[in-house]
$ cat coords21.cif   # mmCIF, C-alpha atoms
data_final
#
loop_
_atom_site.label_atom_id
_atom_site.label_comp_id
_atom_site.auth_asym_id
_atom_site.auth_seq_id
_atom_site.Cartn_x
_atom_site.Cartn_y
_atom_site.Cartn_z
CA VAL A 144 29.35 6.64 20.98
CA ASP A 145 31.61 5.21 23.69
CA THR A 146 34.23 7.91 23.07
CA ALA A 147 31.53 10.60 22.70
CA ASP A 148 32.88 11.53 19.25
CA VAL A 149 29.72 13.23 18.11
CA ASP A 150 31.12 14.38 14.76
CA LEU A 151 32.20 10.88 13.72
CA ALA A 152 28.98 9.31 15.01
CA LEU A 153 26.79 11.76 13.08
CA ARG A 154 28.84 11.38 9.90
CA ILE A 155 28.52 7.58 10.05
CA LEU A 156 24.79 7.92 10.64
CA ARG A 157 24.33 10.37 7.77
CA HIS A 158 26.21 8.23 5.24
CA THR A 159 25.00 4.73 6.13
CA PRO A 160 22.50 3.40 3.57
CA ILE A 161 18.86 3.15 4.55
CA LEU A 162 18.32 0.02 6.63
CA ALA A 163 15.58 -1.33 4.37
CA TYR A 164 17.95 -1.32 1.38
CA GLN A 165 20.99 -2.92 2.98
CA LEU A 166 21.85 -6.37 1.68
CA GLY A 167 23.44 -9.11 3.78
CA PHE A 168 24.06 -8.27 7.43
CA ALA A 169 22.37 -4.94 8.05
CA VAL A 170 24.14 -2.28 10.10
CA TYR A 171 21.94 -1.18 13.00
CA LEU A 172 23.27 2.07 14.41
CA PRO A 173 22.41 3.29 17.94
CA LEU A 174 20.46 6.27 16.64
CA HIS A 175 19.09 7.52 19.95
CA ALA A 176 22.46 7.19 21.65
CA VAL A 177 24.01 9.31 18.89
CA LEU A 178 21.28 11.94 19.15
CA GLY A 179 21.92 12.11 22.89
CA LEU A 180 25.68 12.70 22.65
CA PRO A 181 26.99 16.02 24.04
CA GLY A 182 27.05 18.60 21.26
CA ALA A 183 24.76 16.63 18.95
CA THR A 184 21.92 19.14 18.83
CA SER A 185 24.18 22.00 17.70
CA HIS A 186 25.98 19.91 15.04
CA ASP A 187 25.21 20.56 11.34
CA LEU A 188 24.32 16.90 10.83
CA TYR A 189 21.79 16.80 13.67
CA PRO A 190 18.81 17.46 11.32
CA ALA A 191 20.02 14.61 9.10
CA ALA A 192 20.17 12.27 12.08
CA LEU A 193 16.63 13.26 13.04
CA ALA A 194 15.56 12.66 9.44
CA VAL A 195 17.10 9.18 9.52
CA SER A 196 14.84 8.34 12.46
CA THR A 197 11.59 9.29 10.70
CA PRO A 198 11.12 6.27 8.39
CA LEU A 199 12.26 3.93 11.17
CA TYR A 200 9.16 4.79 13.20
CA ALA A 201 6.99 4.15 10.16
CA ILE A 202 8.71 0.88 9.27
CA ARG A 203 8.22 -0.61 12.71
CA GLY A 204 4.59 0.42 12.91
CA GLU A 205 4.88 3.34 15.36
CA LEU A 206 2.74 5.46 13.08
CA GLU A 207 1.65 7.90 15.76
CA ARG A 208 5.28 9.02 16.19
CA VAL A 209 6.05 9.62 12.51
CA GLU A 210 4.63 13.10 12.03
CA ASP A 211 6.15 14.50 15.24
CA ALA A 212 9.55 13.14 14.18
CA CYS A 213 9.08 14.68 10.70
CA GLN A 214 8.21 18.06 12.19
CA GLU A 215 11.24 17.96 14.49
CA ALA A 216 13.57 17.13 11.58
CA PHE A 217 11.95 19.76 9.37
CA HIS A 218 12.36 22.54 11.94
CA ALA A 219 15.94 21.51 12.69
CA ALA A 220 16.76 21.55 8.96
CA ALA A 221 15.49 25.12 8.61
CA ARG A 222 18.70 26.39 10.22
CA LEU A 223 20.93 24.63 7.66
CA GLY A 224 22.89 26.74 5.21
CA SER A 225 23.09 24.05 2.57
CA GLU A 226 20.05 23.67 0.31
CA ARG A 227 21.28 20.27 -0.77
CA GLU A 228 21.38 19.06 2.84
CA GLN A 229 17.89 20.50 3.39
CA ARG A 230 16.64 18.54 0.37
CA TRP A 231 18.25 15.38 1.76
CA VAL A 232 16.34 15.88 5.00
CA ASP A 233 13.13 16.72 3.11
CA GLN A 234 13.46 13.55 1.08
CA ARG A 235 13.79 11.34 4.18
CA ILE A 236 10.79 13.09 5.73
CA THR A 237 8.76 12.54 2.58
CA ASN A 238 9.73 8.86 2.53
CA ALA A 239 8.54 8.46 6.12
CA ARG A 240 5.23 10.10 5.28
CA THR A 241 4.86 7.80 2.27
CA ILE A 242 5.36 4.69 4.39
CA ARG A 243 2.85 5.97 6.90
CA ALA A 244 0.30 6.76 4.19
CA LEU A 245 0.71 3.26 2.74
CA ALA A 246 0.20 1.68 6.16
CA LEU A 247 -3.02 3.67 6.54
CA GLY A 248 -4.34 2.90 3.06
CA ARG A 249 -4.05 6.51 1.86
CA TRP A 250 -3.00 5.61 -1.65
CA SER A 251 -3.24 9.02 -3.33
CA GLU A 252 -1.33 10.66 -0.48
CA ALA A 253 1.36 7.97 -0.77
CA ALA A 254 1.56 8.48 -4.54
CA ARG A 255 1.92 12.25 -4.18
CA ASP A 256 4.60 11.98 -1.48
CA SER A 257 6.50 9.37 -3.51
CA GLU A 258 6.58 11.60 -6.58
CA GLN A 259 7.80 14.50 -4.45
CA SER A 260 10.52 12.31 -2.96
CA ALA A 261 11.62 11.21 -6.44
CA ARG A 262 11.86 14.82 -7.68
CA LEU A 263 13.92 15.83 -4.62
CA ALA A 264 16.28 12.90 -5.18
CA LEU A 265 16.66 13.64 -8.89
CA ARG A 266 17.67 17.25 -8.22
CA ASP A 267 20.81 15.90 -6.55
CA GLY A 268 21.44 13.11 -9.03
CA GLN A 269 20.32 10.30 -6.71
CA GLU A 270 18.91 8.10 -9.45
CA GLY A 271 18.56 5.00 -7.29
CA ALA A 272 16.62 6.82 -4.57
CA ALA A 273 14.43 8.44 -7.23
CA ALA A 274 13.73 5.08 -8.88
CA ARG A 275 12.72 3.52 -5.55
CA ALA A 276 10.40 6.43 -4.80
CA LEU A 277 8.80 6.17 -8.24
CA ALA A 278 8.30 2.41 -7.74
CA THR A 279 6.51 3.10 -4.47
CA GLY A 280 4.35 5.73 -6.11
CA ALA A 281 3.44 3.60 -9.10
CA MET B 38 1.70 0.49 -6.30
CA SER B 39 0.15 3.55 -4.69
CA TYR B 40 -1.50 4.78 -7.90
CA VAL B 41 -2.62 1.26 -8.84
CA LEU B 42 -4.25 0.71 -5.46
CA GLY B 43 -5.76 4.18 -5.68
CA GLY B 44 -7.43 3.16 -8.94
CA ASP B 45 -5.17 4.99 -11.41
CA PRO B 46 -3.01 2.33 -13.13
CA ASP B 47 -2.14 4.68 -16.02
CA ALA B 48 -0.45 7.15 -13.68
CA GLY B 49 1.20 4.18 -11.98
CA ALA B 50 2.52 2.86 -15.30
CA ARG B 51 4.07 6.25 -16.09
CA LEU B 52 5.96 6.31 -12.79
CA ALA B 53 6.94 2.65 -12.99
CA GLU B 54 8.39 3.07 -16.47
CA GLU B 55 10.41 6.13 -15.46
CA GLY B 56 11.56 4.37 -12.29
CA LEU B 57 12.67 1.23 -14.13
CA GLN B 58 14.67 3.28 -16.63
CA LEU B 59 16.41 5.13 -13.80
CA ALA B 60 17.01 1.90 -11.89
CA ARG B 61 18.56 0.13 -14.86
CA SER B 62 20.69 3.19 -15.52
CA ALA B 63 21.82 3.39 -11.87
CA GLY B 64 22.42 -0.36 -11.83
CA GLY B 65 21.49 -1.35 -8.27
CA PRO B 66 19.92 -4.84 -8.46
CA LEU B 67 17.61 -4.32 -5.48
CA THR B 68 16.31 -1.08 -6.93
CA VAL B 69 15.82 -2.78 -10.30
CA ALA B 70 13.84 -5.57 -8.56
CA MET B 71 11.64 -3.00 -6.80
CA CYS B 72 10.90 -1.23 -10.07
CA LEU B 73 10.19 -4.51 -11.87
CA VAL B 74 7.60 -5.43 -9.22
CA ALA B 75 6.04 -1.98 -9.53
CA SER B 76 5.88 -2.30 -13.32
CA ALA B 77 4.33 -5.77 -13.06
CA GLY B 78 1.71 -4.34 -10.72
CA THR B 79 0.65 -1.70 -13.21
CA LEU B 80 0.30 -4.32 -15.97
CA ALA B 81 -1.21 -7.30 -14.11
CA ASP B 82 -4.74 -6.56 -15.32
CA ARG B 83 -3.84 -5.35 -18.82
CA ALA B 84 -0.81 -7.22 -20.15
CA ARG B 85 -0.63 -10.41 -18.13
CA ARG B 86 2.19 -12.09 -20.03
CA HIS B 87 4.41 -9.04 -19.77
CA ALA B 88 3.50 -8.63 -16.10
CA ARG B 89 4.42 -12.24 -15.37
CA SER B 90 7.74 -11.87 -17.14
CA LEU B 91 8.57 -8.72 -15.11
CA LEU B 92 7.50 -10.42 -11.88
CA GLU B 93 9.63 -13.48 -12.60
CA GLU B 94 12.66 -11.29 -13.31
CA ALA B 95 12.10 -9.41 -10.05
CA LEU B 96 11.69 -12.56 -7.96
CA ALA B 97 14.81 -14.09 -9.50
CA LEU B 98 16.76 -10.97 -8.55
CA LEU B 99 15.44 -11.02 -4.98
CA VAL B 100 16.34 -14.72 -4.65
CA ALA B 101 19.83 -14.03 -6.01
CA LEU B 102 20.22 -11.23 -3.46
CA ASP B 103 18.74 -13.42 -0.69
CA PHE B 104 16.60 -10.44 0.27
CA ASP B 105 13.04 -10.26 1.62
CA ALA B 106 11.89 -6.81 0.60
CA GLN B 107 8.75 -6.20 2.66
CA ASN B 108 6.79 -3.98 0.30
CA GLU B 109 7.81 -5.87 -2.81
CA LEU B 110 6.79 -9.20 -1.26
CA ALA B 111 3.34 -7.85 -0.44
CA GLN B 112 2.96 -6.36 -3.91
CA ALA B 113 4.24 -9.53 -5.57
CA THR B 114 1.69 -11.54 -3.59
CA LEU B 115 -1.14 -9.41 -4.94
CA ILE B 116 0.23 -9.55 -8.48
CA ALA B 117 0.58 -13.36 -8.36
CA ALA B 118 -3.05 -13.52 -7.26
CA ARG B 119 -4.14 -11.21 -10.08
CA LEU B 120 -2.34 -13.56 -12.46
CA GLY B 121 -4.20 -16.52 -10.93
CA ASP B 122 -0.99 -18.29 -9.90
CA TRP B 123 -2.20 -19.73 -6.57
CA PRO B 124 0.90 -21.76 -5.65
CA LEU B 125 3.06 -18.64 -6.11
CA THR B 126 0.49 -16.52 -4.26
CA LEU B 127 0.64 -18.82 -1.24
CA GLN B 128 4.42 -19.04 -1.32
CA LEU B 129 4.80 -15.25 -1.36
CA ALA B 130 2.02 -14.65 1.16
CA ASP B 131 3.74 -16.96 3.63
CA ARG B 132 6.76 -14.63 3.69
CA SER B 133 4.78 -11.42 3.36
CA ILE B 134 2.39 -11.92 6.29
CA ARG B 135 5.22 -12.04 8.83
CA HIS B 136 6.65 -8.69 7.66
CA LEU B 137 3.27 -7.00 7.49
CA GLN B 138 2.28 -8.09 10.97
CA TRP B 139 5.61 -6.94 12.41
CA SER B 140 5.35 -3.49 10.86
CA GLY B 141 1.68 -3.00 11.70
CA GLN B 142 0.58 -2.61 8.07
CA ARG B 143 -3.01 -3.69 8.62
CA PHE B 144 -4.39 -2.61 5.25
CA TRP B 145 -1.78 -4.69 3.48
CA LEU B 146 -2.21 -7.58 5.88
CA ALA B 147 -5.95 -7.51 5.19
CA GLY B 148 -5.25 -7.48 1.46
CA VAL B 149 -2.89 -10.43 1.66
CA LEU B 150 -5.32 -12.41 3.85
CA ASN B 151 -8.01 -11.78 1.26
CA VAL B 152 -5.86 -13.23 -1.51
CA VAL B 153 -4.89 -16.18 0.71
CA ALA B 154 -8.62 -16.84 1.15
CA ARG B 155 -8.98 -16.90 -2.63
CA ALA B 156 -5.97 -19.15 -3.10
CA ALA B 157 -7.11 -21.56 -0.37
CA VAL B 158 -10.86 -21.65 -1.00
CA ASP B 159 -10.81 -24.82 -3.13
CA ALA B 160 -8.91 -26.80 -0.51
CA ASP B 161 -10.30 -25.29 2.69
CA TRP B 162 -13.47 -23.21 2.41
CA GLU B 163 -13.88 -22.89 6.18
CA ALA B 164 -10.46 -21.24 6.47
CA ALA B 165 -11.26 -19.01 3.47
CA ALA B 166 -14.45 -17.77 5.14
CA ARG B 167 -12.68 -17.09 8.45
CA LEU B 168 -9.89 -15.26 6.59
CA GLN B 169 -12.47 -13.06 4.89
CA GLY B 170 -13.84 -12.14 8.30
CA ALA B 171 -10.38 -11.46 9.69
CA ALA B 172 -9.47 -9.32 6.67
CA ARG B 173 -12.65 -7.28 6.98
CA HIS B 174 -12.00 -6.65 10.66
CA LEU B 175 -8.43 -5.49 9.96
CA THR B 176 -9.60 -3.17 7.19
CA VAL B 177 -12.24 -1.52 9.35
CA GLN B 178 -9.79 -1.28 12.24
CA ALA B 179 -7.10 0.33 10.07
CA ALA B 180 -9.57 2.80 8.58
CA ALA B 181 -10.80 3.83 12.00
CA SER B 182 -7.34 4.27 13.54
CA ARG B 183 -5.78 7.70 13.48
CA PRO B 184 -2.17 8.15 14.53
CA SER B 185 -3.03 11.53 15.98
CA ALA B 186 -6.15 13.57 16.62
CA ALA B 187 -5.09 15.94 13.82
CA ASP B 188 -5.30 13.19 11.22
CA PRO B 189 -8.54 13.08 9.29
CA LEU B 190 -10.09 9.77 8.40
CA PRO B 191 -8.69 9.05 4.94
CA VAL B 192 -11.66 7.28 3.42
CA ALA B 193 -14.98 6.22 4.86
CA PRO B 194 -14.74 2.54 5.80
CA GLY B 195 -17.58 1.60 3.48
CA LYS B 196 -15.64 2.87 0.49
CA HIS B 197 -12.56 0.79 1.01
CA SER B 198 -13.63 -2.13 -1.12
CA SER B 199 -13.92 0.07 -4.19
CA ARG B 200 -10.58 1.75 -3.52
CA PHE B 201 -8.95 -1.60 -3.05
CA SER B 202 -10.52 -2.90 -6.25
CA MET B 203 -7.52 -5.05 -7.11
CA ILE B 204 -8.39 -7.14 -4.07
CA GLY B 205 -12.12 -6.53 -4.14
CA GLU B 206 -12.54 -8.60 -7.28
CA LEU B 207 -10.62 -11.52 -5.78
CA ARG B 208 -12.75 -11.28 -2.66
CA HIS B 209 -15.91 -11.47 -4.78
CA GLN B 210 -14.58 -14.61 -6.48
CA THR B 211 -13.94 -16.21 -3.08
CA THR B 212 -17.40 -15.24 -1.89
CA ALA B 213 -19.00 -16.78 -4.98
CA GLN B 214 -17.22 -20.07 -4.30
CA LEU B 215 -18.12 -19.95 -0.61
CA GLN B 216 -21.78 -19.38 -1.43
CA ASP B 217 -21.71 -22.53 -3.55
CA ALA B 218 -20.03 -24.51 -0.79
CA VAL B 219 -21.95 -23.46 2.31
CA ASP B 220 -25.27 -21.96 3.40
CA GLN B 221 -25.53 -18.29 4.38
CA GLU B 222 -25.89 -18.93 8.11
CA ARG B 223 -22.72 -21.03 8.31
CA LEU B 224 -20.85 -18.50 6.15
CA ARG B 225 -21.88 -15.69 8.49
CA GLN B 226 -20.79 -17.74 11.48
CA LEU B 227 -17.36 -18.52 10.02
CA ARG B 228 -16.77 -14.90 9.02
CA ALA B 229 -17.77 -13.79 12.52
CA GLU B 230 -15.15 -16.15 13.93
CA GLY B 231 -12.58 -14.47 11.70
CA GLU B 232 -13.76 -11.00 12.68
CA ALA B 233 -13.19 -11.86 16.33
CA MET B 234 -9.47 -12.40 15.70
CA ASP B 235 -6.96 -9.69 16.54
CA SER B 236 -4.13 -9.04 14.08
CA ASP B 237 -1.75 -11.52 15.79
CA GLN B 238 -4.36 -14.26 15.64
CA ALA B 239 -5.31 -13.39 12.07
CA ALA B 240 -1.68 -13.52 10.92
CA ALA B 241 -1.09 -16.85 12.67
CA TYR B 242 -4.32 -18.25 11.26
CA GLY B 243 -3.38 -17.06 7.77
CA LEU B 244 0.02 -18.78 7.99
CA GLU B 245 -1.62 -22.02 9.15
CA ALA B 246 -4.17 -21.83 6.30
CA ILE B 247 -1.31 -21.35 3.84
CA ARG B 248 0.51 -24.39 5.23
CA ARG B 249 -2.58 -26.58 4.80
CA ALA B 250 -3.39 -25.22 1.34
CA ARG B 251 0.18 -25.77 0.10
CA GLN B 252 0.10 -29.28 1.51
CA SER B 253 -3.16 -29.91 -0.31
CA GLN B 254 -1.72 -28.51 -3.57
CA GLN B 255 1.28 -30.82 -3.26
CA THR B 256 -0.99 -33.81 -2.65
CA ASP B 257 -3.10 -32.88 -5.68
CA GLY B 258 0.01 -32.23 -7.76
CA THR B 259 -1.11 -28.70 -8.63
#

$ encode --input "coords21.cif" --output "structure tokens"
Amino acid sequence: VDTADVDLALRILRHTPILAYQLGFAVYLPLHAVLGLPGATSHDLYPAALAVSTPLYAIRGELERVEDACQEAFHAAARLGSEREQRWVDQRITNARTIRALALGRWSEAARDSEQSARLALRDGQEGAAARALATGA
Amino acid sequence: MSYVLGGDPDAGARLAEEGLQLARSAGGPLTVAMCLVASAGTLADRARRHARSLLEEALALLVALDFDAQNELAQATLIAARLGDWPLTLQLADRSIRHLQWSGQRFWLAGVLNVVARAAVDADWEAAARLQGAARHLTVQAAASRPSAADPLPVAPGKHSSRFSMIGELRHQTTAQLQDAVDQERLRQLRAEGEAMDSDQAAAYGLEAIRRARQSQQTDGT
């Protein structure tokens, strides 16, 4: 961020494990600073960075911001050429919606979103992510 | 535990089984622990011994990883309560309440406060009654809150107890014990005191009730 290397910053953000599943000292990345770097919005990994932000709102209880963040990530992902990258974004969005549904006591909605997240993860061989989604849905 | 809490444990068991197979195949210990907790949740009312064994394996993994997984802690608290293990329920609730309050998960916080009331009712019926009031207030509040105007109300507030049947039964048990211990007027008064608490106060009160109940269990040797 300090050197305004938007490509490196977005790649680190895209490939860092989800905060909730990091063991030991968790790596907190300056998400909003990365999103604000010059050239970020036109970068191919911008939708992924937006998607990373969606569950964070849900996890810290800012439920009213979750759906707007999901919509922003979804629309940004529409321009992507890679279906696999679109699925990655879709999966993060679905996870955020699941967390929000759980916080609001919408169990059937959470179950449906979890199953969808698991199927998206399985299509790209992400067994661990699929297993976690299925556990949430169960 | 979404299907279980929604009243469909069979669908939950199907997902939990598939998830546990995938987790064991992928090999990540945290993911395995999450799936073990989910599996235990689907079995807590039907195969208690198996559920306890899965829960113990999950908790041992989480201890080995030195990891407080927020959702799994809350689920494990409910499962321990369904298994009637009150010392374990209180131990897990103590860690769970802090996470739930921080992340604004009022439904879950209400659920955990309800099981704390059940676990503490023998030692401290006044606290149990206040916790019931606090839990009810949180549930109604969560049901009435909509993150945006476009969001429909998910379920009418009056229907929540049946949806949350896993906790509803424990709440009925607490109520039965309270009705034996205290007259209706006093019970109403104590619950009203709990209902007047906001979520910060309810969480703090729950933690204090847990501390006293655990102290009482240690004194009694239970």

$ closest_residue --input "coords21.cif" --among "B:Asp217, B:Asp105, B:Asp159, B:Asp82" --to "chain A" --atoms "all atoms listed in the file"
B:Asp105

$ resolve_selection --input "coords21.cif" --expression "the PyMOL selection byres ((chain B and resi 124) around 12)" --output "ChimeraX atom specification"
/B:114,117-118,120-123,125-131,152-153,155-157,247-248,250-255,257-259

$ closest_residue --input "coords21.cif" --among "A:Thr184, A:Ser225, A:Thr241, A:Gln269" --to "Ala254 of chain A" --atoms "only C-alpha atoms"
A:Thr241

$ closest_residue --input "coords21.cif" --among "A:Ser185, A:Thr279, A:Ser260, A:Thr197" --to "chain B" --atoms "all atoms listed in the file"
A:Thr279

$ closest_atom_pairs --input "coords21.cif" --of "chain A" --to "chain B" --cutoff "7 Å" --atoms "all atoms listed in the file" --output "JSON lines"
{"residue": "A:Leu166", "atom": "CA", "partner": "B:Phe104", "partner_atom": "CA", "distance": 6.8}
{"residue": "A:Ile202", "atom": "CA", "partner": "B:Ser140", "partner_atom": "CA", "distance": 5.7}
{"residue": "A:Arg203", "atom": "CA", "partner": "B:Ser140", "partner_atom": "CA", "distance": 4.5}
{"residue": "A:Gly204", "atom": "CA", "partner": "B:Ser140", "partner_atom": "CA", "distance": 4.5}
{"residue": "A:Leu206", "atom": "CA", "partner": "B:Pro184", "partner_atom": "CA", "distance": 5.8}
{"residue": "A:Glu207", "atom": "CA", "partner": "B:Pro184", "partner_atom": "CA", "distance": 4.0}
{"residue": "A:Ala246", "atom": "CA", "partner": "B:Gln142", "partner_atom": "CA", "distance": 4.7}
{"residue": "A:Leu247", "atom": "CA", "partner": "B:Ala179", "partner_atom": "CA", "distance": 6.3}
{"residue": "A:Gly248", "atom": "CA", "partner": "B:Phe144", "partner_atom": "CA", "distance": 5.9}
{"residue": "A:Arg249", "atom": "CA", "partner": "B:Pro191", "partner_atom": "CA", "distance": 6.1}
{"residue": "A:Trp250", "atom": "CA", "partner": "B:Ser39", "partner_atom": "CA", "distance": 4.8}
{"residue": "A:Ser251", "atom": "CA", "partner": "B:Gly43", "partner_atom": "CA", "distance": 5.9}
{"residue": "A:Ala253", "atom": "CA", "partner": "B:Ser39", "partner_atom": "CA", "distance": 6.0}
{"residue": "A:Ala254", "atom": "CA", "partner": "B:Ser39", "partner_atom": "CA", "distance": 5.1}
{"residue": "A:Glu270", "atom": "CA", "partner": "B:Leu59", "partner_atom": "CA", "distance": 5.8}
{"residue": "A:Gly271", "atom": "CA", "partner": "B:Ala60", "partner_atom": "CA", "distance": 5.8}
{"residue": "A:Ala274", "atom": "CA", "partner": "B:Gly56", "partner_atom": "CA", "distance": 4.1}
{"residue": "A:Arg275", "atom": "CA", "partner": "B:Thr68", "partner_atom": "CA", "distance": 6.0}
{"residue": "A:Leu277", "atom": "CA", "partner": "B:Gly56", "partner_atom": "CA", "distance": 5.2}
{"residue": "A:Ala278", "atom": "CA", "partner": "B:Cys72", "partner_atom": "CA", "distance": 5.0}
{"residue": "A:Thr279", "atom": "CA", "partner": "B:Met38", "partner_atom": "CA", "distance": 5.8}
{"residue": "A:Gly280", "atom": "CA", "partner": "B:Ser39", "partner_atom": "CA", "distance": 4.9}
{"residue": "A:Ala281", "atom": "CA", "partner": "B:Gly49", "partner_atom": "CA", "distance": 3.7}

$ write_last_selection --input "coords21.cif" --atoms "C-alpha atoms" --output "short mmCIF file (atom, residue, chain, number, x, y, z; two decimals), keeping the file's coordinate frame"
data_model
loop_
_atom_site.label_atom_id
_atom_site.label_comp_id
_atom_site.auth_asym_id
_atom_site.auth_seq_id
_atom_site.Cartn_x
_atom_site.Cartn_y
_atom_site.Cartn_z
CA LEU A 166 21.85 -6.37 1.68
CA ILE A 202 8.71 0.88 9.27
CA ARG A 203 8.22 -0.61 12.71
CA GLY A 204 4.59 0.42 12.91
CA LEU A 206 2.74 5.46 13.08
CA GLU A 207 1.65 7.90 15.76
CA ALA A 246 0.20 1.68 6.16
CA LEU A 247 -3.02 3.67 6.54
CA GLY A 248 -4.34 2.90 3.06
CA ARG A 249 -4.05 6.51 1.86
CA TRP A 250 -3.00 5.61 -1.65
CA SER A 251 -3.24 9.02 -3.33
CA ALA A 253 1.36 7.97 -0.77
CA ALA A 254 1.56 8.48 -4.54
CA GLU A 270 18.91 8.10 -9.45
CA GLY A 271 18.56 5.00 -7.29
CA ALA A 274 13.73 5.08 -8.88
CA ARG A 275 12.72 3.52 -5.55
CA LEU A 277 8.80 6.17 -8.24
CA ALA A 278 8.30 2.41 -7.74
CA THR A 279 6.51 3.10 -4.47
CA GLY A 280 4.35 5.73 -6.11
CA ALA A 281 3.44 3.60 -9.10
#

$ residues_around --input "coords21.cif" --residues "Tyr171 of chain A" --least-positions-apart "4" --cutoff "12 Å" --atoms "all atoms listed in the file" --output "MDAnalysis selection string"
chainID A and resid 155:156 159:163 165 175 195:196 199

$ write_last_selection --input "coords21.cif" --atoms "C-alpha atoms" --output "PDB file, keeping the file's coordinate frame"
ATOM      1  CA  ILE A 155      28.520   7.580  10.050  1.00  0.00           C
ATOM      2  CA  LEU A 156      24.790   7.920  10.640  1.00  0.00           C
ATOM      3  CA  THR A 159      25.000   4.730   6.130  1.00  0.00           C
ATOM      4  CA  PRO A 160      22.500   3.400   3.570  1.00  0.00           C
ATOM      5  CA  ILE A 161      18.860   3.150   4.550  1.00  0.00           C
ATOM      6  CA  LEU A 162      18.320   0.020   6.630  1.00  0.00           C
ATOM      7  CA  ALA A 163      15.580  -1.330   4.370  1.00  0.00           C
ATOM      8  CA  GLN A 165      20.990  -2.920   2.980  1.00  0.00           C
ATOM      9  CA  HIS A 175      19.090   7.520  19.950  1.00  0.00           C
ATOM     10  CA  VAL A 195      17.100   9.180   9.520  1.00  0.00           C
ATOM     11  CA  SER A 196      14.840   8.340  12.460  1.00  0.00           C
ATOM     12  CA  LEU A 199      12.260   3.930  11.170  1.00  0.00           C
TER      13      LEU A 199
END

$ resolve_selection --input "coords21.cif" --expression "the PyMOL selection byres ((chain B and resi 151) around 8)" --output "list of chain:residue names"
B:Ala147, B:Gly148, B:Val149, B:Leu150, B:Val152, B:Val153, B:Ala154, B:Arg155, B:Leu168, B:Gln169, B:Ala172, B:Ile204, B:Leu207, B:Arg208

$ atom_distance --input "coords21.cif" --atom1 "atom CA of Arg157 of chain A" --atom2 "atom CA of Glu210 of chain A"
20.3 Å

$ atom_distance --input "coords21.cif" --atom1 "atom CA of Arg86 of chain B" --atom2 "atom CA of Pro66 of chain B"
22.4 Å

$ closest_residue --input "coords21.cif" --among "B:Ala171, B:Arg228, B:Ala77, B:Asp161" --to "Glu93 of chain B" --atoms "only C-alpha atoms"
B:Ala77

$ resolve_selection --input "coords21.cif" --expression "the PyMOL selection byres ((chain A and resi 145) around 12)" --output "ChimeraX atom specification"
/A:144,146-149,151-152,173,176-177,179-181

$ write_last_selection --input "coords21.cif" --atoms "C-alpha atoms" --output "JSON list (two decimals), in the frame of the given file"
[["chain", "number", "residue", "atom", "x", "y", "z"],
["A", 144, "VAL", "CA", 29.35, 6.64, 20.98],
["A", 146, "THR", "CA", 34.23, 7.91, 23.07],
["A", 147, "ALA", "CA", 31.53, 10.60, 22.70],
["A", 148, "ASP", "CA", 32.88, 11.53, 19.25],
["A", 149, "VAL", "CA", 29.72, 13.23, 18.11],
["A", 151, "LEU", "CA", 32.20, 10.88, 13.72],
["A", 152, "ALA", "CA", 28.98, 9.31, 15.01],
["A", 173, "PRO", "CA", 22.41, 3.29, 17.94],
["A", 176, "ALA", "CA", 22.46, 7.19, 21.65],
["A", 177, "VAL", "CA", 24.01, 9.31, 18.89],
["A", 179, "GLY", "CA", 21.92, 12.11, 22.89],
["A", 180, "LEU", "CA", 25.68, 12.70, 22.65],
["A", 181, "PRO", "CA", 26.99, 16.02, 24.04]]

$ atom_distance --input "coords21.cif" --atom1 "atom CA of Thr211 of chain B" --atom2 "atom CA of Arg243 of chain A"
29.6 Å

$ residues_around --input "coords21.cif" --residues "His158 of chain A" --least-positions-apart "4" --cutoff "10 Å" --atoms "all atoms listed in the file" --output "PyMOL selection string"
chain A and resi 153-154+191-192

$ write_last_selection --input "coords21.cif" --atoms "C-alpha atoms" --output "JSON list (two decimals), in the frame of the given file"
[["chain", "number", "residue", "atom", "x", "y", "z"],
["A", 153, "LEU", "CA", 26.79, 11.76, 13.08],
["A", 154, "ARG", "CA", 28.84, 11.38, 9.90],
["A", 191, "ALA", "CA", 20.02, 14.61, 9.10],
["A", 192, "ALA", "CA", 20.17, 12.27, 12.08]]

$ axis_aligned_box --input "coords21.cif" --around "segment 190-195 of chain A" --padding-each-side "6 Å" --output "JSON"
{"center_x": 17.9, "center_y": 13.3, "center_z": 11.1, "size_x": 16.6, "size_y": 20.3, "size_z": 15.9}

$ closest_residue --input "coords21.cif" --among "A:Ala212, A:Ala183, A:Leu265, A:Ala272" --to "Tyr200 of chain A" --atoms "all atoms listed in the file"
A:Ala212

$ closest_residue --input "coords21.cif" --among "B:Ala166, B:Leu215, B:Leu244, B:Ile116" --to "Glu232 of chain B" --atoms "all atoms listed in the file"
B:Ala166
